[in-house]
$ cat entry-v1.txt   # compact mmCIF, C-alpha atoms and all ligand atoms
# COMPACT_ATOMS: atom_id res chain seq x y z
CA MET C 3 -24.45 -11.05 15.99
CA LYS C 4 -21.65 -13.63 15.92
CA GLN C 5 -18.72 -13.34 18.32
CA ILE C 6 -15.32 -13.62 16.66
CA ALA C 7 -13.27 -16.34 18.40
CA PRO C 8 -9.96 -15.60 20.21
CA SER C 9 -8.10 -17.71 17.62
CA GLU C 10 -9.38 -15.50 14.77
CA LEU C 11 -9.07 -12.01 16.25
CA ILE C 12 -6.13 -12.20 18.63
CA ILE C 13 -6.10 -9.56 21.37
CA ASN C 14 -3.09 -9.48 23.70
CA SER C 15 -2.95 -8.88 27.45
CA ARG C 16 -2.69 -5.11 26.85
CA GLY C 17 -6.03 -5.24 25.00
CA ALA C 18 -4.14 -4.60 21.76
CA VAL C 19 -4.39 -6.34 18.39
CA TYR C 20 -1.87 -9.19 17.93
CA HIS C 21 0.73 -8.03 15.39
CA LEU C 22 0.45 -4.24 15.57
CA ASP C 23 0.17 -4.19 19.39
CA VAL C 24 -2.16 -1.19 19.14
CA ARG C 25 -5.39 -0.61 21.11
CA PRO C 26 -8.43 0.96 19.44
CA GLU C 27 -8.01 4.34 21.17
CA GLU C 28 -4.33 4.51 20.12
CA LEU C 29 -5.11 4.69 16.40
CA ALA C 30 -6.15 7.75 14.36
CA THR C 31 -8.63 7.42 11.49
CA THR C 32 -6.10 8.91 9.04
CA ILE C 33 -3.18 6.52 8.65
CA ILE C 34 0.04 6.65 6.65
CA THR C 35 1.66 3.27 6.04
CA VAL C 36 5.35 2.96 5.17
CA GLY C 37 7.34 -0.14 4.29
CA ASP C 38 10.52 0.76 6.14
CA PRO C 39 10.14 0.80 9.97
CA ASP C 40 12.80 3.55 10.22
CA ARG C 41 10.59 5.79 8.06
CA VAL C 42 7.97 6.09 10.83
CA ALA C 43 10.13 8.45 12.91
CA LEU C 44 11.02 10.43 9.78
CA LEU C 45 7.32 11.28 9.51
CA SER C 46 6.48 11.69 13.18
CA ARG C 47 9.35 14.14 13.75
CA HIS C 48 7.14 16.60 11.84
CA PHE C 49 4.23 16.08 14.27
CA ASP C 50 3.32 18.87 16.72
CA ASN C 51 2.99 16.20 19.40
CA ILE C 52 3.30 12.41 19.59
CA GLU C 53 0.80 10.78 21.95
CA PHE C 54 1.63 7.11 21.31
CA LYS C 55 4.62 5.03 20.16
CA ARG C 56 4.78 1.25 19.95
CA GLN C 57 6.84 -1.41 18.18
CA HIS C 58 6.14 -5.13 17.74
CA ARG C 59 8.28 -6.99 15.16
CA GLU C 60 8.50 -4.78 12.02
CA PHE C 61 5.29 -2.95 12.92
CA ILE C 62 6.00 0.47 14.44
CA THR C 63 3.12 2.84 15.15
CA HIS C 64 3.35 6.51 16.09
CA THR C 65 0.13 8.49 16.65
CA GLY C 66 0.08 12.26 17.05
CA THR C 67 -1.19 15.49 15.59
CA ILE C 68 -0.03 17.83 12.87
CA ASN C 69 -1.91 21.11 12.39
CA ASN C 70 -4.61 19.73 14.76
CA LYS C 71 -5.10 16.68 12.52
CA ARG C 72 -4.70 13.34 14.31
CA LEU C 73 -2.57 10.95 12.31
CA SER C 74 -1.07 7.49 12.81
CA VAL C 75 2.01 6.30 10.93
CA VAL C 76 2.37 2.51 10.75
CA SER C 77 5.23 0.51 9.22
CA THR C 78 4.20 -2.57 7.30
CA GLY C 79 7.55 -4.13 6.42
CA ILE C 80 7.91 -5.48 2.90
CA GLY C 81 5.30 -7.28 0.84
CA PRO C 82 1.61 -8.09 0.37
CA ASP C 83 1.62 -10.80 3.05
CA ASN C 84 2.37 -8.12 5.64
CA ILE C 85 -0.35 -5.92 4.14
CA ASP C 86 -2.87 -8.70 4.82
CA ILE C 87 -1.96 -8.40 8.50
CA VAL C 88 -1.82 -4.61 8.69
CA ILE C 89 -5.06 -3.80 6.81
CA ASN C 90 -7.07 -6.49 8.63
CA GLU C 91 -5.78 -5.35 12.02
CA LEU C 92 -6.33 -1.63 11.27
CA ASP C 93 -9.89 -2.46 10.22
CA ALA C 94 -10.49 -4.61 13.30
CA LEU C 95 -9.31 -1.75 15.54
CA VAL C 96 -12.11 0.52 14.30
CA ASN C 97 -14.84 -1.87 13.18
CA ILE C 98 -14.84 -4.70 15.73
CA ASP C 99 -15.72 -4.11 19.38
CA PHE C 100 -12.72 -5.49 21.33
CA GLU C 101 -14.87 -6.08 24.46
CA THR C 102 -17.67 -8.08 22.83
CA ARG C 103 -15.69 -9.31 19.74
CA ILE C 104 -18.69 -8.38 17.59
CA ILE C 105 -18.59 -6.36 14.35
CA LYS C 106 -19.89 -2.85 15.05
CA GLU C 107 -23.15 -1.72 13.45
CA ASP C 108 -21.75 1.70 12.50
CA LEU C 109 -18.64 1.08 10.46
CA THR C 110 -15.74 3.54 10.24
CA SER C 111 -14.06 4.24 6.94
CA LEU C 112 -10.35 4.92 7.41
CA GLN C 113 -8.15 7.06 5.19
CA ILE C 114 -5.10 4.91 4.46
CA MET C 115 -2.20 6.35 2.48
CA ARG C 116 0.94 4.39 1.62
CA LEU C 117 4.15 6.43 1.42
CA GLY C 118 6.76 4.23 -0.19
CA THR C 119 9.47 3.74 -2.78
CA CYS C 120 9.12 2.16 -6.21
CA GLY C 121 10.72 1.38 -9.54
CA SER C 122 9.59 3.40 -12.56
CA LEU C 123 8.55 1.57 -15.73
CA GLN C 124 8.49 4.66 -17.94
CA LYS C 125 11.38 6.67 -19.34
CA ASP C 126 9.55 9.94 -18.64
CA ILE C 127 9.02 9.11 -14.93
CA PRO C 128 12.56 9.71 -13.68
CA VAL C 129 14.27 8.74 -10.45
CA ASP C 130 13.45 11.07 -7.52
CA SER C 131 10.01 11.93 -8.96
CA PHE C 132 6.72 10.94 -7.28
CA VAL C 133 3.88 8.68 -8.44
CA ALA C 134 0.27 8.60 -7.21
CA SER C 135 -1.27 5.25 -8.14
CA THR C 136 -4.59 5.43 -9.99
CA HIS C 137 -4.85 1.62 -9.66
CA GLY C 138 -3.07 -1.21 -7.92
CA LEU C 139 -2.65 -4.22 -10.20
CA GLY C 140 -1.64 -7.25 -8.17
CA LEU C 141 0.54 -10.09 -9.39
CA ASP C 142 0.80 -11.24 -5.78
CA ASN C 143 -2.37 -13.36 -5.47
CA LEU C 144 -3.36 -12.01 -2.03
CA LEU C 145 -6.82 -10.84 -3.01
CA ASN C 146 -7.59 -14.22 -4.61
CA PHE C 147 -7.99 -15.63 -1.08
CA TYR C 148 -10.93 -13.26 -0.50
CA ARG C 149 -14.31 -13.18 -2.25
CA HIS C 150 -14.07 -10.25 -4.61
CA GLU C 151 -15.49 -9.04 -7.89
CA HIS C 152 -14.20 -6.84 -10.68
CA ASN C 153 -16.40 -4.33 -12.47
CA ASP C 154 -16.73 -4.48 -16.27
CA GLU C 155 -13.91 -2.01 -16.93
CA GLU C 156 -11.58 -3.87 -14.59
CA LYS C 157 -12.41 -7.21 -16.28
CA LEU C 158 -11.54 -5.73 -19.68
CA MET C 159 -8.36 -4.19 -18.32
CA LEU C 160 -7.24 -7.51 -16.83
CA GLN C 161 -8.07 -9.40 -20.05
CA SER C 162 -6.02 -6.92 -22.04
CA PHE C 163 -3.22 -7.13 -19.44
CA MET C 164 -3.09 -10.94 -19.68
CA THR C 165 -2.97 -10.83 -23.47
CA GLN C 166 -0.28 -8.15 -23.63
CA THR C 167 1.99 -9.52 -20.87
CA GLN C 168 1.47 -13.27 -21.46
CA LEU C 169 1.65 -13.85 -17.72
CA ASN C 170 -0.72 -16.83 -17.90
CA ASN C 171 1.37 -19.25 -15.89
CA SER C 172 2.59 -17.10 -13.03
CA SER C 173 -0.44 -15.50 -11.43
CA GLN C 174 -4.07 -14.53 -11.53
CA PRO C 175 -3.87 -10.72 -11.48
CA TYR C 176 -6.40 -8.48 -9.75
CA ILE C 177 -6.97 -4.73 -9.90
CA SER C 178 -8.56 -2.02 -7.75
CA GLY C 179 -8.70 1.75 -8.12
CA ALA C 180 -7.51 4.46 -5.73
CA SER C 181 -9.92 6.48 -3.62
CA ALA C 182 -10.94 9.27 -6.00
CA SER C 183 -11.56 11.62 -3.07
CA LEU C 184 -7.96 11.19 -1.86
CA LEU C 185 -6.32 11.06 -5.30
CA LYS C 186 -7.68 14.47 -6.31
CA ASN C 187 -5.50 16.11 -3.63
CA PHE C 188 -2.30 14.63 -5.05
CA VAL C 189 -2.18 15.91 -8.61
CA ASP C 190 0.45 18.71 -8.62
CA GLY C 191 3.93 17.26 -8.52
CA PHE C 192 2.81 13.65 -8.97
CA HIS C 193 2.90 11.42 -12.02
CA GLN C 194 -0.15 9.16 -12.17
CA GLY C 195 -0.55 5.65 -13.48
CA ILE C 196 -1.26 2.02 -12.73
CA THR C 197 1.06 0.56 -10.10
CA VAL C 198 1.89 -3.12 -10.47
CA THR C 199 2.50 -4.93 -7.20
CA CYS C 200 4.91 -7.86 -7.32
CA PRO C 201 5.44 -10.72 -4.85
CA GLY C 202 9.21 -10.13 -4.88
CA PHE C 203 11.92 -7.58 -5.72
CA TYR C 204 14.18 -9.66 -7.99
CA GLY C 205 12.63 -12.27 -10.33
CA PRO C 206 9.06 -10.94 -10.02
CA GLN C 207 10.38 -7.49 -11.03
CA GLY C 208 12.52 -8.90 -13.84
CA ARG C 209 15.89 -8.50 -12.08
CA VAL C 210 18.51 -11.03 -13.02
CA LEU C 211 21.40 -11.76 -10.66
CA ARG C 212 22.20 -15.50 -10.89
CA LEU C 213 18.80 -16.99 -11.78
CA GLY C 214 17.04 -17.09 -15.13
CA LEU C 215 13.50 -15.74 -15.49
CA SER C 216 10.38 -17.59 -16.67
CA ASN C 217 9.16 -14.42 -18.43
CA PRO C 218 12.25 -12.38 -19.43
CA GLN C 219 10.10 -9.92 -21.43
CA LEU C 220 7.96 -9.01 -18.41
CA VAL C 221 9.39 -5.57 -17.64
CA ASP C 222 9.21 -4.47 -21.30
CA ARG C 223 5.67 -5.77 -21.59
CA LEU C 224 4.60 -3.88 -18.45
CA THR C 225 6.17 -0.71 -19.86
CA ASP C 226 4.36 -1.18 -23.20
CA PHE C 227 0.95 -2.06 -21.72
CA SER C 228 -1.82 0.38 -22.44
CA PHE C 229 -5.57 0.33 -21.93
CA GLY C 230 -7.33 3.45 -23.21
CA GLN C 231 -5.71 6.37 -21.34
CA HIS C 232 -4.13 4.07 -18.78
CA ARG C 233 -0.54 2.88 -18.67
CA ILE C 234 1.64 1.25 -16.04
CA SER C 235 3.79 3.86 -14.31
CA ASN C 236 5.68 1.88 -11.70
CA PHE C 237 5.99 -1.27 -9.61
CA GLU C 238 6.60 -2.08 -5.98
CA MET C 239 5.33 -4.61 -3.43
CA GLU C 240 2.28 -3.39 -1.46
CA THR C 241 -0.16 -1.13 -3.37
CA SER C 242 -2.53 -3.69 -4.94
CA ALA C 243 -3.01 -5.43 -1.58
CA ILE C 244 -3.80 -2.12 0.15
CA TYR C 245 -6.21 -1.04 -2.61
CA GLY C 246 -7.83 -4.48 -2.88
CA LEU C 247 -8.38 -5.17 0.82
CA GLY C 248 -9.10 -1.50 1.54
CA ARG C 249 -11.88 -1.45 -1.04
CA LEU C 250 -13.42 -4.71 0.23
CA LEU C 251 -13.45 -3.30 3.78
CA GLY C 252 -14.79 0.13 2.77
CA HIS C 253 -11.69 2.27 3.42
CA HIS C 254 -10.28 5.13 1.31
CA CYS C 255 -6.82 4.18 0.06
CA LEU C 256 -4.09 5.90 -1.88
CA SER C 257 -0.51 4.91 -2.67
CA LEU C 258 2.21 7.56 -3.12
CA ASN C 259 5.72 6.49 -4.01
CA ALA C 260 9.11 8.10 -4.62
CA VAL C 261 10.85 6.61 -7.65
CA VAL C 262 14.24 5.23 -6.58
CA ALA C 263 14.96 3.09 -9.66
CA ASN C 264 14.15 3.61 -13.32
CA ARG C 265 14.10 0.23 -15.04
CA VAL C 266 13.90 1.60 -18.57
CA VAL C 267 17.00 3.80 -18.42
CA LYS C 268 18.56 1.54 -15.76
CA GLU C 269 19.28 4.24 -13.16
CA PHE C 270 19.12 4.24 -9.37
CA SER C 271 18.62 7.44 -7.36
CA LYS C 272 21.87 9.06 -6.23
CA ASP C 273 20.14 10.12 -2.98
CA SER C 274 17.05 8.02 -2.33
CA ALA C 275 16.87 9.22 1.30
CA ALA C 276 16.50 12.82 0.07
CA ALA C 277 13.76 11.76 -2.36
CA VAL C 278 11.86 10.01 0.44
CA ASN C 279 12.25 13.01 2.77
CA SER C 280 10.97 15.32 0.09
CA LEU C 281 7.93 13.04 -0.48
CA ILE C 282 7.30 12.98 3.28
CA GLU C 283 7.26 16.80 3.46
CA LYS C 284 4.99 17.06 0.42
CA VAL C 285 2.54 14.43 1.65
CA LEU C 286 2.36 15.74 5.23
CA GLY C 287 1.79 19.26 3.88
CA ILE C 288 -1.24 18.01 1.95
CA VAL C 289 -2.55 15.50 4.52
CA SER C 290 -2.56 18.09 7.29
CA THR C 291 -5.02 20.20 5.28
CA ILE C 292 -7.50 17.55 4.06
C1 LIG O 301 11.64 -3.05 -1.64
O1 LIG O 301 12.90 -2.45 -1.57
C2 LIG O 301 10.63 -2.33 -0.78
O2 LIG O 301 10.58 -0.94 -1.14
C3 LIG O 301 9.30 -0.57 -1.60
C4 LIG O 301 8.69 -1.90 -2.03
O3 LIG O 301 7.30 -1.83 -2.14
C5 LIG O 301 9.21 -2.86 -1.00
O4 LIG O 301 8.50 -2.78 0.21
O5 LIG O 301 8.50 0.11 -0.66
P1 LIG O 301 8.93 0.67 0.78
O6 LIG O 301 10.07 1.63 0.54
O7 LIG O 301 7.74 1.34 1.36
O8 LIG O 301 9.35 -0.52 1.61
N1 LIG O 302 10.90 -0.90 -4.64
C1 LIG O 302 10.60 -1.90 -5.48
O1 LIG O 302 9.78 -2.78 -5.15
N2 LIG O 302 11.20 -1.92 -6.69
C2 LIG O 302 12.10 -1.02 -7.07
O2 LIG O 302 12.64 -1.12 -8.17
C3 LIG O 302 12.41 0.03 -6.18
C4 LIG O 302 11.79 0.06 -4.96
$ encode --input "entry-v1.txt" --output "structure tokens"
Amino acid sequence: MKQIAPSELIINSRGAVYHLDVRPEELATTIITVGDPDRVALLSRHFDNIEFKRQHREFITHTGTINNKRLSVVSTGIGPDNIDIVINELDALVNIDFETRIIKEDLTSLQIMRLGTCGSLQKDIPVDSFVASTHGLGLDNLLNFYRHEHNDEEKLMLQSFMTQTQLNNSSQPYISGASASLLKNFVDGFHQGITVTCPGFYGPQGRVLRLGLSNPQLVDRLTDFSFGQHRISNFEMETSAIYGLGRLLGHHCLSLNAVVANRVVKEFSKDSAAAVNSLIEKVLGIVSTI
């Protein structure tokens, strides 16, 4: 078995992985990722005990238990580039032996749930409601750096997406589904739909401040897209990267987001902090029982 070189898997003097600064024994196999570093403590304050806390850059990790379930909460910061770091390092922590630098023979499949905020692309998915993503559709290109394949349904969905959105010049989209075994626990109180992940908050999500857009119809076309029963519910900046990399590495992933903006009716939540807190309580209530 090939040893992974110190330049490829970087382990610091604490024996912890480079960006997250977490050692293998400090991570639980059920993980909630959040974009905002301040959100980590908002989750861990509900823990019965916290055994581990660490921060390096925007990556904060708290590990503890809730109802006897061991859970880690990890902040990712914003964007798919950070997700590349977080998912690869979480996977390395469980599936690469940090002593020998060799991939383990028995691989561990993590449960990784994103708890974030998003913009709704449908009139009937209002601000302050919650969305569970059936799919992550990436406009961010991250997965195109990895060998990956789409199944026949995904190929057809992407073809239809390209035709309907006319995105041809901006990106090569990719798509991956949620973990069905996780998604089935998040039905009551959640809208479901395809989540589009964008490589930015302004132009890539059709927001105009001072700059013109190359595809001014994008938001409307995303709203109008349909493929069989599927439609696009929302967009944000991490889900497709989590679903794409998570699937390639054999983890169970799910993205759950509070709607803070509705781009169809042009509203922003009057109390986005309350919406996030309510999502936290709902998700922890479910996660502690599965
Ligand atoms: C943009 O404001 C950020 O909010 C959303 C987007 O995905 C992006 O990260 O998620 P978080 O609230 O989890 O950061
Ligand atoms: N996060 C996003 O990425 N977009 C929104 O509109 C709201 C939150």
$ residues_near_ligand --input "entry-v1.txt" --ligand "ligand LIG 302 (chain O)" --cutoff "8 Å" --atoms "all atoms listed in the file" --output "number ranges by chain"
C: 118-122, 199-200, 202-203, 207, 237-239, 261-265
$ closest_residue --input "entry-v1.txt" --among "C:Arg103, C:His64, C:Lys71, C:Arg41" --to "ligand LIG 301 (chain O)" --atoms "all atoms listed in the file"
C:Arg41
$ axis_aligned_box --input "entry-v1.txt" --around "range 73-78 of chain C" --padding-each-side "3 Å" --output "lines of an AutoDock Vina configuration file"
center_x = 1.3
center_y = 4.2
center_z = 10.1
size_x = 13.8
size_y = 19.5
size_z = 11.5
$ residues_around --input "entry-v1.txt" --residues "Tyr148 in chain C" --least-positions-apart "5" --cutoff "10 Å" --atoms "all atoms listed in the file" --output "MDAnalysis selection string"
chainID C and resid 143 246:247 250
$ residues_around --input "entry-v1.txt" --residues "Leu11 in chain C" --least-positions-apart "2" --cutoff "12 Å" --atoms "all atoms listed in the file" --output "list in words"
Gln5, Ile6, Ala7, Pro8, Ser9, Ile13, Asn14, Gly17, Ala18, Val19, Tyr20, His21, Ile87, Asn90, Glu91, Leu92, Asp93, Ala94, Leu95, Ile98, Asp99, Phe100, Glu101, Thr102, Arg103, Ile104 and Ile105 of chain C
$ write_last_selection --input "entry-v1.txt" --atoms "C-alpha atoms" --output "mmCIF file, in the frame of the given file"
data_model
loop_
_atom_site.group_PDB
_atom_site.id
_atom_site.type_symbol
_atom_site.label_atom_id
_atom_site.label_comp_id
_atom_site.auth_asym_id
_atom_site.auth_seq_id
_atom_site.Cartn_x
_atom_site.Cartn_y
_atom_site.Cartn_z
ATOM 1 C CA GLN C 5 -18.720 -13.340 18.320
ATOM 2 C CA ILE C 6 -15.320 -13.620 16.660
ATOM 3 C CA ALA C 7 -13.270 -16.340 18.400
ATOM 4 C CA PRO C 8 -9.960 -15.600 20.210
ATOM 5 C CA SER C 9 -8.100 -17.710 17.620
ATOM 6 C CA ILE C 13 -6.100 -9.560 21.370
ATOM 7 C CA ASN C 14 -3.090 -9.480 23.700
ATOM 8 C CA GLY C 17 -6.030 -5.240 25.000
ATOM 9 C CA ALA C 18 -4.140 -4.600 21.760
ATOM 10 C CA VAL C 19 -4.390 -6.340 18.390
ATOM 11 C CA TYR C 20 -1.870 -9.190 17.930
ATOM 12 C CA HIS C 21 0.730 -8.030 15.390
ATOM 13 C CA ILE C 87 -1.960 -8.400 8.500
ATOM 14 C CA ASN C 90 -7.070 -6.490 8.630
ATOM 15 C CA GLU C 91 -5.780 -5.350 12.020
ATOM 16 C CA LEU C 92 -6.330 -1.630 11.270
ATOM 17 C CA ASP C 93 -9.890 -2.460 10.220
ATOM 18 C CA ALA C 94 -10.490 -4.610 13.300
ATOM 19 C CA LEU C 95 -9.310 -1.750 15.540
ATOM 20 C CA ILE C 98 -14.840 -4.700 15.730
ATOM 21 C CA ASP C 99 -15.720 -4.110 19.380
ATOM 22 C CA PHE C 100 -12.720 -5.490 21.330
ATOM 23 C CA GLU C 101 -14.870 -6.080 24.460
ATOM 24 C CA THR C 102 -17.670 -8.080 22.830
ATOM 25 C CA ARG C 103 -15.690 -9.310 19.740
ATOM 26 C CA ILE C 104 -18.690 -8.380 17.590
ATOM 27 C CA ILE C 105 -18.590 -6.360 14.350
#
$ atom_distance --input "entry-v1.txt" --atom1 "CA of Ser162 in chain C" --atom2 "CA of Phe229 in chain C"
7.3 Å
$ closest_residue --input "entry-v1.txt" --among "C:Met164, C:Leu213, C:Leu251, C:Leu281" --to "Ser228 in chain C" --atoms "only C-alpha atoms"
C:Met164
$ atom_distance --input "entry-v1.txt" --atom1 "CA of Gly66 in chain C" --atom2 "CA of Arg25 in chain C"
14.6 Å
$ residues_around --input "entry-v1.txt" --residues "Ala134 in chain C" --least-positions-apart "3" --cutoff "6 Å" --atoms "only C-alpha atoms" --output "VMD selection string"
chain C and resid 192 194 257 to 258
$ atom_distance --input "entry-v1.txt" --atom1 "CA of Asp130 in chain C" --atom2 "CA of Met159 in chain C"
28.7 Å
$ residues_near_point --input "entry-v1.txt" --point "(3.8, -3.8, -20.6)" --cutoff "12 Å" --atoms "all atoms listed in the file" --output "number ranges by chain"
C: 123-124, 162-169, 196-198, 219-229, 232-237, 266
$ residues_near_point --input "entry-v1.txt" --point "(-5.4, 16.2, -4.1)" --cutoff "12 Å" --atoms "all atoms listed in the file" --output "ChimeraX atom specification"
/C:134,181-192,194,256,258,284-285,287-292
$ closest_residue --input "entry-v1.txt" --among "C:Met3, C:Val267, C:Ile33, C:Leu160" --to "Gln113 in chain C" --atoms "only C-alpha atoms"
C:Ile33
$ closest_residue --input "entry-v1.txt" --among "C:Asn84, C:Thr31, C:Thr65, C:Asn217" --to "Asp142 in chain C" --atoms "only C-alpha atoms"
C:Asn84
$ decode --input "entry-v1.txt" --residues "range 219-228 of chain C" --atoms "all heavy atoms" --output "CSV table (one decimal), in the first residue's frame"
chain,number,residue,atom,x,y,z
C,219,GLN,N,-31.0,36.4,-17.2
C,219,GLN,CA,-32.2,35.6,-17.0
C,219,GLN,C,-32.0,34.4,-16.0
C,219,GLN,O,-32.9,33.6,-15.8
C,219,GLN,CB,-32.7,35.0,-18.3
C,219,GLN,CG,-32.6,35.8,-19.5
C,219,GLN,CD,-33.6,37.0,-19.5
C,219,GLN,OE1,-34.6,36.8,-18.9
C,219,GLN,NE2,-33.2,38.1,-20.1
C,220,LEU,N,-30.8,34.3,-15.5
C,220,LEU,CA,-30.5,33.0,-14.8
C,220,LEU,C,-31.4,32.7,-13.7
C,220,LEU,O,-31.9,31.6,-13.6
C,220,LEU,CB,-29.0,33.1,-14.2
C,220,LEU,CG,-28.6,31.9,-13.5
C,220,LEU,CD1,-28.6,30.6,-14.3
C,220,LEU,CD2,-27.2,32.1,-12.8
C,221,VAL,N,-31.7,33.6,-12.8
C,221,VAL,CA,-32.6,33.3,-11.6
C,221,VAL,C,-34.0,32.8,-12.1
C,221,VAL,O,-34.5,31.8,-11.6
C,221,VAL,CB,-32.7,34.5,-10.7
C,221,VAL,CG1,-33.7,34.3,-9.6
C,221,VAL,CG2,-31.3,34.8,-10.0
C,222,ASP,N,-34.5,33.5,-13.1
C,222,ASP,CA,-35.8,33.1,-13.6
C,222,ASP,C,-35.8,31.7,-14.2
C,222,ASP,O,-36.7,30.9,-14.1
C,222,ASP,CB,-36.3,34.1,-14.7
C,222,ASP,CG,-36.7,35.4,-14.0
C,222,ASP,OD1,-36.9,35.5,-12.8
C,222,ASP,OD2,-36.8,36.4,-14.8
C,223,ARG,N,-34.7,31.5,-14.9
C,223,ARG,CA,-34.6,30.2,-15.6
C,223,ARG,C,-34.4,29.0,-14.5
C,223,ARG,O,-34.9,27.9,-14.7
C,223,ARG,CB,-33.4,30.2,-16.6
C,223,ARG,CG,-33.7,31.0,-17.8
C,223,ARG,CD,-32.6,31.1,-18.7
C,223,ARG,NE,-32.9,31.8,-19.9
C,223,ARG,CZ,-32.0,32.5,-20.7
C,223,ARG,NH1,-30.7,32.5,-20.3
C,223,ARG,NH2,-32.4,33.1,-21.7
C,224,LEU,N,-33.7,29.3,-13.5
C,224,LEU,CA,-33.6,28.3,-12.4
C,224,LEU,C,-34.9,28.1,-11.8
C,224,LEU,O,-35.3,26.9,-11.5
C,224,LEU,CB,-32.6,28.8,-11.3
C,224,LEU,CG,-31.1,29.0,-11.7
C,224,LEU,CD1,-30.3,29.5,-10.6
C,224,LEU,CD2,-30.5,27.7,-12.3
C,225,THR,N,-35.7,29.1,-11.5
C,225,THR,CA,-37.0,29.0,-10.9
C,225,THR,C,-37.9,28.1,-11.8
C,225,THR,O,-38.7,27.3,-11.4
C,225,THR,CB,-37.6,30.4,-10.7
C,225,THR,OG1,-36.8,31.1,-9.8
C,225,THR,CG2,-39.1,30.3,-10.2
C,226,ASP,N,-37.8,28.4,-13.1
C,226,ASP,CA,-38.7,27.7,-14.1
C,226,ASP,C,-38.3,26.3,-14.5
C,226,ASP,O,-39.0,25.5,-15.1
C,226,ASP,CB,-38.8,28.5,-15.4
C,226,ASP,CG,-39.5,29.8,-15.2
C,226,ASP,OD1,-40.2,30.0,-14.1
C,226,ASP,OD2,-39.3,30.7,-16.0
C,227,PHE,N,-37.0,25.9,-14.1
C,227,PHE,CA,-36.5,24.6,-14.5
C,227,PHE,C,-37.4,23.5,-13.9
C,227,PHE,O,-37.7,23.5,-12.7
C,227,PHE,CB,-35.1,24.4,-14.0
C,227,PHE,CG,-34.5,23.0,-14.3
C,227,PHE,CD1,-34.1,22.6,-15.5
C,227,PHE,CD2,-34.4,22.1,-13.2
C,227,PHE,CE1,-33.6,21.3,-15.7
C,227,PHE,CE2,-33.9,20.8,-13.4
C,227,PHE,CZ,-33.5,20.4,-14.7
C,228,SER,N,-37.7,22.5,-14.7
C,228,SER,CA,-38.3,21.3,-14.2
C,228,SER,C,-37.8,20.1,-14.9
C,228,SER,O,-37.4,20.1,-16.1
C,228,SER,CB,-39.8,21.3,-14.2
C,228,SER,OG,-40.2,21.3,-15.6
